[in-house]
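Participant: Starting off with a structure, shown below.
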Amino acid sequence: MIEVKALHKRFNDNEVLKGVDLALQPGEVVTILGPSGSGKTTFLRCLNFLEHADSGAIKVDQDWVNFNQATSQEVMALRRRMGMVFQNYALFLNKTARQNIMEPMVLVHKVSPTEAYDRATQLLQTIGLGAFGDYYPAQLSGGQQQRIGIARALAVHPTVLLFDEPTAALDPELIGEVLKVMKAVKQAGVAMIVVTHEMQFAYEVSDRVIFMADGAIVEQGTPQQIFESPKEARTKAFLSRFK
Ligand code: ADP
């Protein structure tokens, strides 16, 4: 169970998040849609404490943690339960695909190198890159690098994976392979919060779709509700651009 309450964030006098609430069931996949600048990325980054929220609280599995009073131990404990997948993959360029997947297991989760090696090898198979473990990021396509990014986040058995526009930097022909891996993550029962503009993916894979604008949740529902009969004018206007 993941819960976020009354998350507020401002950059100087720009109020970017105006009190966002969200609760996820175990294994639930929630997609966040919305216009550029509506605060989607900032929301994800605040959950992970990559950005400092002004107020609000978060709970992942265990106790509530206040965004503006968290101790470094609390932040570390939360981060261990949340994986993040970035738009630009954020892989270590001087490490191989397998080393990238092993790194957080060994450094953050204190998994033994042998066990981490085996789990990385198994994950490389899962994402269809069994033969690429010794390749460096520069030798891989964007889609392959992003699949490594997902495997790395998944390796530590997170409660929830946060995806920040994971396919935005990819050539169209490489998007499908990444979305396929994301579907497999859902099959594995890991909860996901996905910021994306991939409407087909949102429609097919989400349990719930959230439409966000101007720092607040405007509307949410099942993919059918949001895509087929949106209620709010702003949701309708946004979705009409993708028809
Ligand atoms: P989205 O992901 O929906 O496109 P963002 O979360 O990236 O929206 O941005 C929301 C707002 O916050 C925008 O107005 C953006 O300019 C502002 N913003 C984001 N990051 C920063 C930052 N580091 N400093 C100042 N303003 C920022």
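As shown in the structure tokens, the chain order sets the letters A, B, ...; within each chain, residues go from 1, and ligands are also counted from 1 in the order they appear.
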I'd like a table as CSV: residues in chain A with an atom no more than 8 Å from ligand 1, each row giving the shortest atom pair and its distance in Å to one decimal, only C-alpha atoms and all ligand atoms counted, sorted by chain and rising residue number.

Facilitator:
residue,atom,partner,partner_atom_place_in_ligand_line,distance
A:Arg10,CA,ligand 1,12 (O),7.7
A:Phe11,CA,ligand 1,25 (C),5.0
A:Asn12,CA,ligand 1,25 (C),7.4
A:Asn14,CA,ligand 1,14 (O),6.9
A:Glu15,CA,ligand 1,12 (O),7.8
A:Val16,CA,ligand 1,11 (C),5.2
A:Leu17,CA,ligand 1,10 (C),8.0
A:Gly34,CA,ligand 1,3 (O),6.3
A:Pro35,CA,ligand 1,3 (O),6.0
A:Ser36,CA,ligand 1,4 (O),3.6
A:Gly37,CA,ligand 1,8 (O),3.5
A:Ser38,CA,ligand 1,3 (O),3.7
A:Gly39,CA,ligand 1,6 (O),3.3
A:Lys40,CA,ligand 1,3 (O),3.8
A:Thr41,CA,ligand 1,2 (O),3.6
A:Thr42,CA,ligand 1,6 (O),3.7
A:Phe43,CA,ligand 1,6 (O),6.4
A:Val195,CA,ligand 1,2 (O),7.8
A:Met212,CA,ligand 1,3 (O),7.8
A:Ala213,CA,ligand 1,3 (O),7.6
A:Gly215,CA,ligand 1,10 (C),7.4

Participant: Let's have the selection written as a PDB file, in the first residue's frame, with N, CA and C atoms.

Facilitator:
ATOM      1  N   ARG A  10       6.302  24.290  -4.116  1.00  0.00           N
ATOM      2  CA  ARG A  10       6.426  25.495  -4.936  1.00  0.00           C
ATOM      3  C   ARG A  10       7.897  25.749  -5.276  1.00  0.00           C
ATOM      4  N   PHE A  11       8.099  26.292  -6.478  1.00  0.00           N
ATOM      5  CA  PHE A  11       9.419  26.806  -6.852  1.00  0.00           C
ATOM      6  C   PHE A  11       9.295  28.317  -6.794  1.00  0.00           C
ATOM      7  N   ASN A  12       9.877  28.948  -5.796  1.00  0.00           N
ATOM      8  CA  ASN A  12       9.709  30.393  -5.561  1.00  0.00           C
ATOM      9  C   ASN A  12       8.219  30.733  -5.493  1.00  0.00           C
ATOM     10  N   ASN A  14       6.027  30.060  -7.792  1.00  0.00           N
ATOM     11  CA  ASN A  14       5.287  29.171  -8.696  1.00  0.00           C
ATOM     12  C   ASN A  14       4.795  27.950  -7.907  1.00  0.00           C
ATOM     13  N   GLU A  15       3.502  27.924  -7.624  1.00  0.00           N
ATOM     14  CA  GLU A  15       2.948  26.787  -6.876  1.00  0.00           C
ATOM     15  C   GLU A  15       2.713  25.645  -7.856  1.00  0.00           C
ATOM     16  N   VAL A  16       3.581  24.638  -7.805  1.00  0.00           N
ATOM     17  CA  VAL A  16       3.600  23.591  -8.827  1.00  0.00           C
ATOM     18  C   VAL A  16       2.705  22.420  -8.449  1.00  0.00           C
ATOM     19  N   LEU A  17       2.618  22.109  -7.152  1.00  0.00           N
ATOM     20  CA  LEU A  17       1.726  21.040  -6.684  1.00  0.00           C
ATOM     21  C   LEU A  17       0.865  21.599  -5.563  1.00  0.00           C
ATOM     22  N   GLY A  34      -1.250  14.455 -18.589  1.00  0.00           N
ATOM     23  CA  GLY A  34      -1.533  15.877 -18.394  1.00  0.00           C
ATOM     24  C   GLY A  34      -0.622  16.725 -19.244  1.00  0.00           C
ATOM     25  N   PRO A  35      -1.003  17.977 -19.449  1.00  0.00           N
ATOM     26  CA  PRO A  35      -0.192  18.852 -20.281  1.00  0.00           C
ATOM     27  C   PRO A  35       1.195  19.074 -19.693  1.00  0.00           C
ATOM     28  N   SER A  36       2.103  19.460 -20.542  1.00  0.00           N
ATOM     29  CA  SER A  36       3.449  19.793 -20.121  1.00  0.00           C
ATOM     30  C   SER A  36       3.387  20.943 -19.109  1.00  0.00           C
ATOM     31  N   GLY A  37       4.172  20.828 -18.035  1.00  0.00           N
ATOM     32  CA  GLY A  37       4.204  21.891 -17.032  1.00  0.00           C
ATOM     33  C   GLY A  37       3.156  21.749 -15.942  1.00  0.00           C
ATOM     34  N   SER A  38       2.386  20.648 -15.968  1.00  0.00           N
ATOM     35  CA  SER A  38       1.320  20.513 -14.973  1.00  0.00           C
ATOM     36  C   SER A  38       1.814  19.961 -13.637  1.00  0.00           C
ATOM     37  N   GLY A  39       3.076  19.540 -13.577  1.00  0.00           N
ATOM     38  CA  GLY A  39       3.656  19.113 -12.303  1.00  0.00           C
ATOM     39  C   GLY A  39       3.853  17.616 -12.164  1.00  0.00           C
ATOM     40  N   LYS A  40       3.709  16.879 -13.255  1.00  0.00           N
ATOM     41  CA  LYS A  40       3.784  15.414 -13.187  1.00  0.00           C
ATOM     42  C   LYS A  40       5.170  14.937 -12.758  1.00  0.00           C
ATOM     43  N   THR A  41       6.197  15.446 -13.425  1.00  0.00           N
ATOM     44  CA  THR A  41       7.561  15.038 -13.084  1.00  0.00           C
ATOM     45  C   THR A  41       7.925  15.473 -11.668  1.00  0.00           C
ATOM     46  N   THR A  42       7.548  16.683 -11.315  1.00  0.00           N
ATOM     47  CA  THR A  42       7.841  17.174  -9.965  1.00  0.00           C
ATOM     48  C   THR A  42       7.163  16.283  -8.928  1.00  0.00           C
ATOM     49  N   PHE A  43       5.956  15.851  -9.220  1.00  0.00           N
ATOM     50  CA  PHE A  43       5.238  14.958  -8.298  1.00  0.00           C
ATOM     51  C   PHE A  43       6.055  13.680  -8.061  1.00  0.00           C
ATOM     52  N   VAL A 195       4.218   8.277 -15.501  1.00  0.00           N
ATOM     53  CA  VAL A 195       3.944   9.517 -16.228  1.00  0.00           C
ATOM     54  C   VAL A 195       4.288   9.256 -17.688  1.00  0.00           C
ATOM     55  N   MET A 212      -3.928  15.168 -14.729  1.00  0.00           N
ATOM     56  CA  MET A 212      -3.417  16.224 -13.869  1.00  0.00           C
ATOM     57  C   MET A 212      -3.254  17.499 -14.689  1.00  0.00           C
ATOM     58  N   ALA A 213      -3.605  18.636 -14.086  1.00  0.00           N
ATOM     59  CA  ALA A 213      -3.378  19.930 -14.732  1.00  0.00           C
ATOM     60  C   ALA A 213      -3.174  20.977 -13.653  1.00  0.00           C
ATOM     61  N   GLY A 215      -1.031  21.470 -11.409  1.00  0.00           N
ATOM     62  CA  GLY A 215      -0.620  21.056 -10.066  1.00  0.00           C
ATOM     63  C   GLY A 215      -1.673  20.348  -9.245  1.00  0.00           C
TER      64      GLY A 215
END

Participant: Give me every helix (DSSP H, G or I) residue in stretch 65-185 of chain A, going by DSSP on the backbone, as a CSV table (one decimal) with N, CA, C and O atoms, in the first residue's frame.

Facilitator:
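Output (states-v4.csv):
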chain,number,residue,atom,x,y,z
A,72,SER,N,17.2,11.4,7.4
A,72,SER,CA,17.9,10.7,6.3
A,72,SER,C,17.7,9.2,6.3
A,72,SER,O,17.6,8.6,5.3
A,73,GLN,N,17.5,8.7,7.5
A,73,GLN,CA,17.2,7.2,7.6
A,73,GLN,C,15.8,6.9,7.0
A,73,GLN,O,15.7,5.9,6.3
A,74,GLU,N,14.9,7.8,7.3
A,74,GLU,CA,13.5,7.6,6.7
A,74,GLU,C,13.5,7.7,5.2
A,74,GLU,O,12.9,6.9,4.5
A,75,VAL,N,14.3,8.7,4.7
A,75,VAL,CA,14.4,8.8,3.2
A,75,VAL,C,15.0,7.6,2.6
A,75,VAL,O,14.5,7.1,1.6
A,76,MET,N,16.1,7.1,3.2
A,76,MET,CA,16.8,5.9,2.7
A,76,MET,C,15.8,4.7,2.7
A,76,MET,O,15.8,3.9,1.8
A,77,ALA,N,15.1,4.6,3.8
A,77,ALA,CA,14.2,3.4,3.9
A,77,ALA,C,13.1,3.5,2.8
A,77,ALA,O,12.7,2.5,2.2
A,78,LEU,N,12.6,4.7,2.6
A,78,LEU,CA,11.6,4.9,1.5
A,78,LEU,C,12.1,4.6,0.2
A,78,LEU,O,11.5,3.9,-0.7
A,79,ARG,N,13.3,5.1,-0.1
A,79,ARG,CA,13.9,4.9,-1.4
A,79,ARG,C,14.2,3.4,-1.7
A,79,ARG,O,14.2,3.0,-2.8
A,80,ARG,N,14.4,2.6,-0.6
A,80,ARG,CA,14.6,1.2,-0.8
A,80,ARG,C,13.4,0.5,-1.3
A,80,ARG,O,13.4,-0.5,-1.9
A,81,ARG,N,12.2,1.1,-1.1
A,81,ARG,CA,11.0,0.5,-1.5
A,81,ARG,C,10.4,1.1,-2.8
A,81,ARG,O,9.4,0.7,-3.2
A,97,ALA,N,26.1,-3.4,-18.7
A,97,ALA,CA,24.7,-3.6,-18.4
A,97,ALA,C,24.5,-4.4,-17.1
A,97,ALA,O,23.7,-4.0,-16.3
A,98,ARG,N,25.2,-5.5,-17.0
A,98,ARG,CA,25.0,-6.3,-15.8
A,98,ARG,C,25.5,-5.5,-14.5
A,98,ARG,O,24.8,-5.6,-13.5
A,99,GLN,N,26.6,-4.8,-14.6
A,99,GLN,CA,27.1,-4.0,-13.5
A,99,GLN,C,26.1,-2.9,-13.1
A,99,GLN,O,25.9,-2.7,-11.9
A,100,ASN,N,25.4,-2.3,-14.1
A,100,ASN,CA,24.4,-1.3,-13.8
A,100,ASN,C,23.2,-1.9,-13.0
A,100,ASN,O,22.7,-1.3,-12.0
A,101,ILE,N,22.9,-3.1,-13.3
A,101,ILE,CA,21.7,-3.8,-12.6
A,101,ILE,C,22.2,-4.2,-11.2
A,101,ILE,O,21.4,-4.1,-10.3
A,102,MET,N,23.4,-4.6,-11.1
A,102,MET,CA,24.0,-5.1,-9.8
A,102,MET,C,24.2,-4.0,-8.8
A,102,MET,O,24.0,-4.2,-7.6
A,103,GLU,N,24.5,-2.8,-9.3
A,103,GLU,CA,25.0,-1.7,-8.4
A,103,GLU,C,24.1,-1.4,-7.2
A,103,GLU,O,24.5,-1.5,-6.1
A,104,PRO,N,22.8,-1.1,-7.4
A,104,PRO,CA,21.9,-0.8,-6.3
A,104,PRO,C,21.7,-2.0,-5.4
A,104,PRO,O,21.6,-1.9,-4.1
A,105,MET,N,21.7,-3.2,-5.9
A,105,MET,CA,21.5,-4.4,-5.1
A,105,MET,C,22.7,-4.5,-4.1
A,105,MET,O,22.5,-4.8,-2.9
A,106,VAL,N,23.9,-4.3,-4.6
A,106,VAL,CA,25.1,-4.5,-3.8
A,106,VAL,C,25.3,-3.3,-2.8
A,106,VAL,O,25.5,-3.5,-1.6
A,107,LEU,N,25.2,-2.1,-3.4
A,107,LEU,CA,25.6,-0.9,-2.6
A,107,LEU,C,24.5,-0.5,-1.6
A,107,LEU,O,24.7,-0.1,-0.5
A,113,PRO,N,27.6,-10.0,-3.8
A,113,PRO,CA,27.9,-9.9,-5.3
A,113,PRO,C,27.5,-11.1,-6.1
A,113,PRO,O,27.0,-11.0,-7.2
A,114,THR,N,27.7,-12.3,-5.5
A,114,THR,CA,27.3,-13.5,-6.2
A,114,THR,C,25.8,-13.6,-6.5
A,114,THR,O,25.4,-13.9,-7.6
A,115,GLU,N,25.1,-13.3,-5.5
A,115,GLU,CA,23.6,-13.3,-5.6
A,115,GLU,C,23.2,-12.2,-6.6
A,115,GLU,O,22.3,-12.4,-7.4
A,116,ALA,N,23.8,-11.0,-6.5
A,116,ALA,CA,23.4,-9.9,-7.3
A,116,ALA,C,23.7,-10.2,-8.8
A,116,ALA,O,22.9,-9.9,-9.7
A,117,TYR,N,24.9,-10.9,-9.0
A,117,TYR,CA,25.2,-11.3,-10.3
A,117,TYR,C,24.2,-12.3,-10.9
A,117,TYR,O,23.7,-12.1,-12.1
A,118,ASP,N,23.7,-13.2,-10.1
A,118,ASP,CA,22.8,-14.2,-10.6
A,118,ASP,C,21.4,-13.5,-10.9
A,118,ASP,O,20.8,-13.8,-11.9
A,119,ARG,N,21.0,-12.6,-10.0
A,119,ARG,CA,19.7,-11.9,-10.2
A,119,ARG,C,19.8,-11.0,-11.5
A,119,ARG,O,18.9,-11.0,-12.3
A,120,ALA,N,20.9,-10.4,-11.6
A,120,ALA,CA,21.1,-9.5,-12.8
A,120,ALA,C,21.1,-10.4,-14.1
A,120,ALA,O,20.4,-10.0,-15.1
A,121,THR,N,21.7,-11.5,-14.1
A,121,THR,CA,21.7,-12.4,-15.2
A,121,THR,C,20.3,-12.8,-15.6
A,121,THR,O,19.9,-12.8,-16.7
A,122,GLN,N,19.5,-13.2,-14.5
A,122,GLN,CA,18.2,-13.6,-14.7
A,122,GLN,C,17.3,-12.4,-15.3
A,122,GLN,O,16.5,-12.6,-16.2
A,123,LEU,N,17.5,-11.2,-14.7
A,123,LEU,CA,16.7,-10.1,-15.2
A,123,LEU,C,17.1,-9.7,-16.7
A,123,LEU,O,16.2,-9.3,-17.4
A,124,LEU,N,18.4,-9.9,-17.0
A,124,LEU,CA,18.8,-9.7,-18.4
A,124,LEU,C,18.0,-10.6,-19.3
A,124,LEU,O,17.6,-10.2,-20.4
A,125,GLN,N,17.8,-11.8,-18.9
A,125,GLN,CA,17.0,-12.8,-19.7
A,125,GLN,C,15.5,-12.2,-19.8
A,125,GLN,O,15.0,-12.2,-20.9
A,126,THR,N,15.0,-11.8,-18.7
A,126,THR,CA,13.6,-11.4,-18.6
A,126,THR,C,13.4,-10.2,-19.6
A,126,THR,O,12.3,-10.1,-20.2
A,130,GLY,N,19.7,-11.2,-22.6
A,130,GLY,CA,20.5,-12.2,-22.0
A,130,GLY,C,21.9,-12.2,-22.6
A,130,GLY,O,22.9,-12.5,-21.9
A,131,ALA,N,22.1,-11.8,-23.8
A,131,ALA,CA,23.4,-11.9,-24.5
A,131,ALA,C,24.2,-10.5,-24.3
A,131,ALA,O,25.3,-10.4,-24.8
A,132,PHE,N,23.6,-9.6,-23.6
A,132,PHE,CA,24.2,-8.2,-23.6
A,132,PHE,C,24.7,-7.8,-22.3
A,132,PHE,O,25.0,-6.6,-22.1
A,137,PRO,N,26.6,0.9,-22.0
A,137,PRO,CA,25.5,1.6,-22.5
A,137,PRO,C,25.7,2.2,-23.9
A,137,PRO,O,24.8,2.1,-24.7
A,138,ALA,N,26.9,2.7,-24.1
A,138,ALA,CA,27.1,3.3,-25.5
A,138,ALA,C,27.0,2.3,-26.6
A,138,ALA,O,26.8,2.7,-27.8
A,139,GLN,N,27.1,1.0,-26.3
A,139,GLN,CA,27.0,0.0,-27.3
A,139,GLN,C,25.6,-0.5,-27.5
A,139,GLN,O,25.3,-1.5,-28.2
A,142,GLY,N,18.8,3.0,-27.4
A,142,GLY,CA,18.1,3.7,-26.4
A,142,GLY,C,17.1,2.7,-25.7
A,142,GLY,O,16.9,2.7,-24.5
A,143,GLY,N,16.4,2.0,-26.5
A,143,GLY,CA,15.4,1.0,-26.0
A,143,GLY,C,16.0,0.0,-25.1
A,143,GLY,O,15.5,-0.4,-24.1
A,144,GLN,N,17.2,-0.5,-25.5
A,144,GLN,CA,17.9,-1.5,-24.7
A,144,GLN,C,18.4,-0.9,-23.4
A,144,GLN,O,18.3,-1.5,-22.3
A,145,GLN,N,18.9,0.4,-23.5
A,145,GLN,CA,19.4,1.0,-22.3
A,145,GLN,C,18.2,1.2,-21.3
A,145,GLN,O,18.3,1.1,-20.1
A,146,GLN,N,17.0,1.6,-21.8
A,146,GLN,CA,15.9,1.8,-20.9
A,146,GLN,C,15.4,0.5,-20.3
A,146,GLN,O,15.0,0.5,-19.2
A,147,ARG,N,15.5,-0.6,-21.1
A,147,ARG,CA,15.2,-1.9,-20.5
A,147,ARG,C,16.1,-2.2,-19.3
A,147,ARG,O,15.7,-2.8,-18.3
A,148,ILE,N,17.4,-1.9,-19.5
A,148,ILE,CA,18.4,-2.1,-18.4
A,148,ILE,C,18.0,-1.2,-17.2
A,148,ILE,O,18.0,-1.6,-16.0
A,149,GLY,N,17.5,0.1,-17.5
A,149,GLY,CA,17.1,1.0,-16.4
A,149,GLY,C,16.0,0.4,-15.6
A,149,GLY,O,15.9,0.5,-14.4
A,150,ILE,N,15.0,-0.3,-16.3
A,150,ILE,CA,13.9,-0.9,-15.7
A,150,ILE,C,14.4,-2.1,-14.8
A,150,ILE,O,13.9,-2.3,-13.7
A,151,ALA,N,15.2,-2.9,-15.4
A,151,ALA,CA,15.7,-4.1,-14.7
A,151,ALA,C,16.5,-3.7,-13.4
A,151,ALA,O,16.3,-4.3,-12.4
A,152,ARG,N,17.2,-2.6,-13.5
A,152,ARG,CA,18.0,-2.1,-12.4
A,152,ARG,C,17.0,-1.7,-11.3
A,152,ARG,O,17.2,-2.0,-10.1
A,153,ALA,N,15.9,-1.0,-11.7
A,153,ALA,CA,15.0,-0.5,-10.6
A,153,ALA,C,14.2,-1.7,-10.0
A,153,ALA,O,13.9,-1.7,-8.9
A,154,LEU,N,14.0,-2.7,-10.9
A,154,LEU,CA,13.2,-3.9,-10.4
A,154,LEU,C,14.0,-4.9,-9.6
A,154,LEU,O,13.5,-5.6,-8.8
A,172,PRO,N,10.5,6.1,-32.3
A,172,PRO,CA,9.3,5.4,-32.3
A,172,PRO,C,9.4,3.9,-32.4
A,172,PRO,O,8.7,3.1,-31.7
A,173,GLU,N,10.4,3.4,-33.2
A,173,GLU,CA,10.4,1.9,-33.4
A,173,GLU,C,11.0,1.2,-32.1
A,173,GLU,O,10.9,0.0,-32.1
A,174,LEU,N,11.5,2.0,-31.2
A,174,LEU,CA,12.1,1.3,-30.0
A,174,LEU,C,11.1,1.4,-28.8
A,174,LEU,O,11.4,0.8,-27.7
A,175,ILE,N,10.0,2.1,-28.9
A,175,ILE,CA,9.1,2.3,-27.8
A,175,ILE,C,8.4,1.0,-27.4
A,175,ILE,O,8.3,0.7,-26.2
A,176,GLY,N,8.0,0.2,-28.4
A,176,GLY,CA,7.3,-1.0,-28.2
A,176,GLY,C,8.0,-2.0,-27.2
A,176,GLY,O,7.4,-2.5,-26.3
A,177,GLU,N,9.3,-2.1,-27.4
A,177,GLU,CA,10.1,-3.1,-26.6
A,177,GLU,C,10.1,-2.7,-25.2
A,177,GLU,O,10.2,-3.5,-24.3
A,178,VAL,N,10.1,-1.3,-24.9
A,178,VAL,CA,10.2,-0.9,-23.5
A,178,VAL,C,8.8,-1.1,-22.9
A,178,VAL,O,8.7,-1.5,-21.8
A,179,LEU,N,7.7,-0.7,-23.7
A,179,LEU,CA,6.4,-0.9,-23.1
A,179,LEU,C,6.1,-2.4,-22.8
A,179,LEU,O,5.4,-2.7,-21.8
A,180,LYS,N,6.7,-3.3,-23.6
A,180,LYS,CA,6.5,-4.7,-23.4
A,180,LYS,C,7.1,-5.1,-22.0
A,180,LYS,O,6.5,-5.9,-21.3
A,181,VAL,N,8.3,-4.6,-21.8
A,181,VAL,CA,8.9,-4.9,-20.5
A,181,VAL,C,8.1,-4.3,-19.3
A,181,VAL,O,7.9,-4.9,-18.3
A,182,MET,N,7.5,-3.1,-19.5
A,182,MET,CA,6.7,-2.5,-18.5
A,182,MET,C,5.4,-3.4,-18.2
A,182,MET,O,5.0,-3.5,-17.1
A,183,LYS,N,4.9,-4.0,-19.3
A,183,LYS,CA,3.8,-4.9,-19.1
A,183,LYS,C,4.2,-6.1,-18.3
A,183,LYS,O,3.4,-6.6,-17.4
A,184,ALA,N,5.4,-6.6,-18.5
A,184,ALA,CA,5.9,-7.7,-17.8
A,184,ALA,C,6.1,-7.3,-16.3
A,184,ALA,O,5.8,-8.2,-15.4
A,185,VAL,N,6.5,-6.1,-16.0
A,185,VAL,CA,6.6,-5.6,-14.6
A,185,VAL,C,5.2,-5.7,-13.9
A,185,VAL,O,5.1,-6.1,-12.8

Participant: Determine the nearest neighbour of A:Asn66 from the options A:Ala6, A:Glu51, A:Phe92, A:Pro26, counting only C-alpha atoms.

Facilitator: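 Looking at the shortest contact to A:Asn66, the residue is A:Ala6.
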
Participant: Within stretch 79-231 of chain A, find each residue whose DSSP state, derived from the backbone, is strand (DSSP E or B), and express the selection as a PyMOL selection string.

Facilitator: chain A and resi 82-85+160-164+191-195+208-213+216-221

Participant: Would you write out, as a tab-separated table, a table of all residues in stretch 34-119 of chain A that have an atom no more than 8 Å from an atom of stretch 163-166 of chain A, listing for each the closest atom pair and the distance in Å to one decimal, considering only C-alpha atoms and ordering rows by chain and rising residue number?

Facilitator:
residue	atom	partner	partner_atom	distance
A:Thr41	CA	A:Asp164	CA	6.3
A:Leu44	CA	A:Asp164	CA	7.2
A:Met84	CA	A:Phe163	CA	5.9
A:Val85	CA	A:Phe163	CA	4.8
A:Phe86	CA	A:Asp164	CA	5.3
A:Gln87	CA	A:Pro166	CA	4.6
A:Asn88	CA	A:Pro166	CA	7.7
A:Tyr89	CA	A:Pro166	CA	7.8

Participant: Would you export the selected residues with N, CA, C and O atoms as an mmCIF file, in the first residue's frame, please?

Facilitator:
data_model
loop_
_atom_site.group_PDB
_atom_site.id
_atom_site.type_symbol
_atom_site.label_atom_id
_atom_site.label_comp_id
_atom_site.auth_asym_id
_atom_site.auth_seq_id
_atom_site.Cartn_x
_atom_site.Cartn_y
_atom_site.Cartn_z
ATOM 1 N N THR A 41 6.197 15.446 -13.425
ATOM 2 C CA THR A 41 7.561 15.038 -13.084
ATOM 3 C C THR A 41 7.925 15.473 -11.668
ATOM 4 O O THR A 41 8.514 14.696 -10.902
ATOM 5 N N LEU A 44 6.481 13.025 -9.137
ATOM 6 C CA LEU A 44 7.265 11.786 -8.984
ATOM 7 C C LEU A 44 8.552 12.045 -8.213
ATOM 8 O O LEU A 44 8.936 11.269 -7.340
ATOM 9 N N MET A 84 13.000 4.074 -9.384
ATOM 10 C CA MET A 84 12.650 5.144 -10.325
ATOM 11 C C MET A 84 13.283 4.858 -11.683
ATOM 12 O O MET A 84 14.452 4.489 -11.764
ATOM 13 N N VAL A 85 12.492 5.031 -12.723
ATOM 14 C CA VAL A 85 12.982 4.877 -14.094
ATOM 15 C C VAL A 85 12.886 6.242 -14.764
ATOM 16 O O VAL A 85 11.818 6.845 -14.804
ATOM 17 N N PHE A 86 14.021 6.714 -15.280
ATOM 18 C CA PHE A 86 14.104 8.083 -15.788
ATOM 19 C C PHE A 86 13.979 8.123 -17.308
ATOM 20 O O PHE A 86 14.297 7.153 -17.998
ATOM 21 N N GLN A 87 13.593 9.294 -17.782
ATOM 22 C CA GLN A 87 13.476 9.506 -19.219
ATOM 23 C C GLN A 87 14.801 9.260 -19.941
ATOM 24 O O GLN A 87 14.845 8.676 -21.009
ATOM 25 N N ASN A 88 15.907 9.690 -19.312
ATOM 26 C CA ASN A 88 17.216 9.572 -19.990
ATOM 27 C C ASN A 88 18.014 8.361 -19.500
ATOM 28 O O ASN A 88 19.225 8.329 -19.597
ATOM 29 N N TYR A 89 17.335 7.369 -18.937
ATOM 30 C CA TYR A 89 17.884 6.079 -18.470
ATOM 31 C C TYR A 89 18.785 6.200 -17.243
ATOM 32 O O TYR A 89 18.750 5.351 -16.362
#

Participant: Just to confirm, what's the straight-line distance from atom CA of A:Lys5 to atom CA of A:Glu219 in Å (one decimal)?

Facilitator: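 Result for atom CA of A:Lys5 versus atom CA of A:Glu219: 16.7 Å, one decimal.
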
Participant: Please provide as a ChimeraX atom specification all residues within 7 Å of stretch 188-190 of chain A, with the sequence filter that same-chain residues fewer than 5 positions apart are discarded (counting only C-alpha atoms).

Facilitator: /A:27,159-160
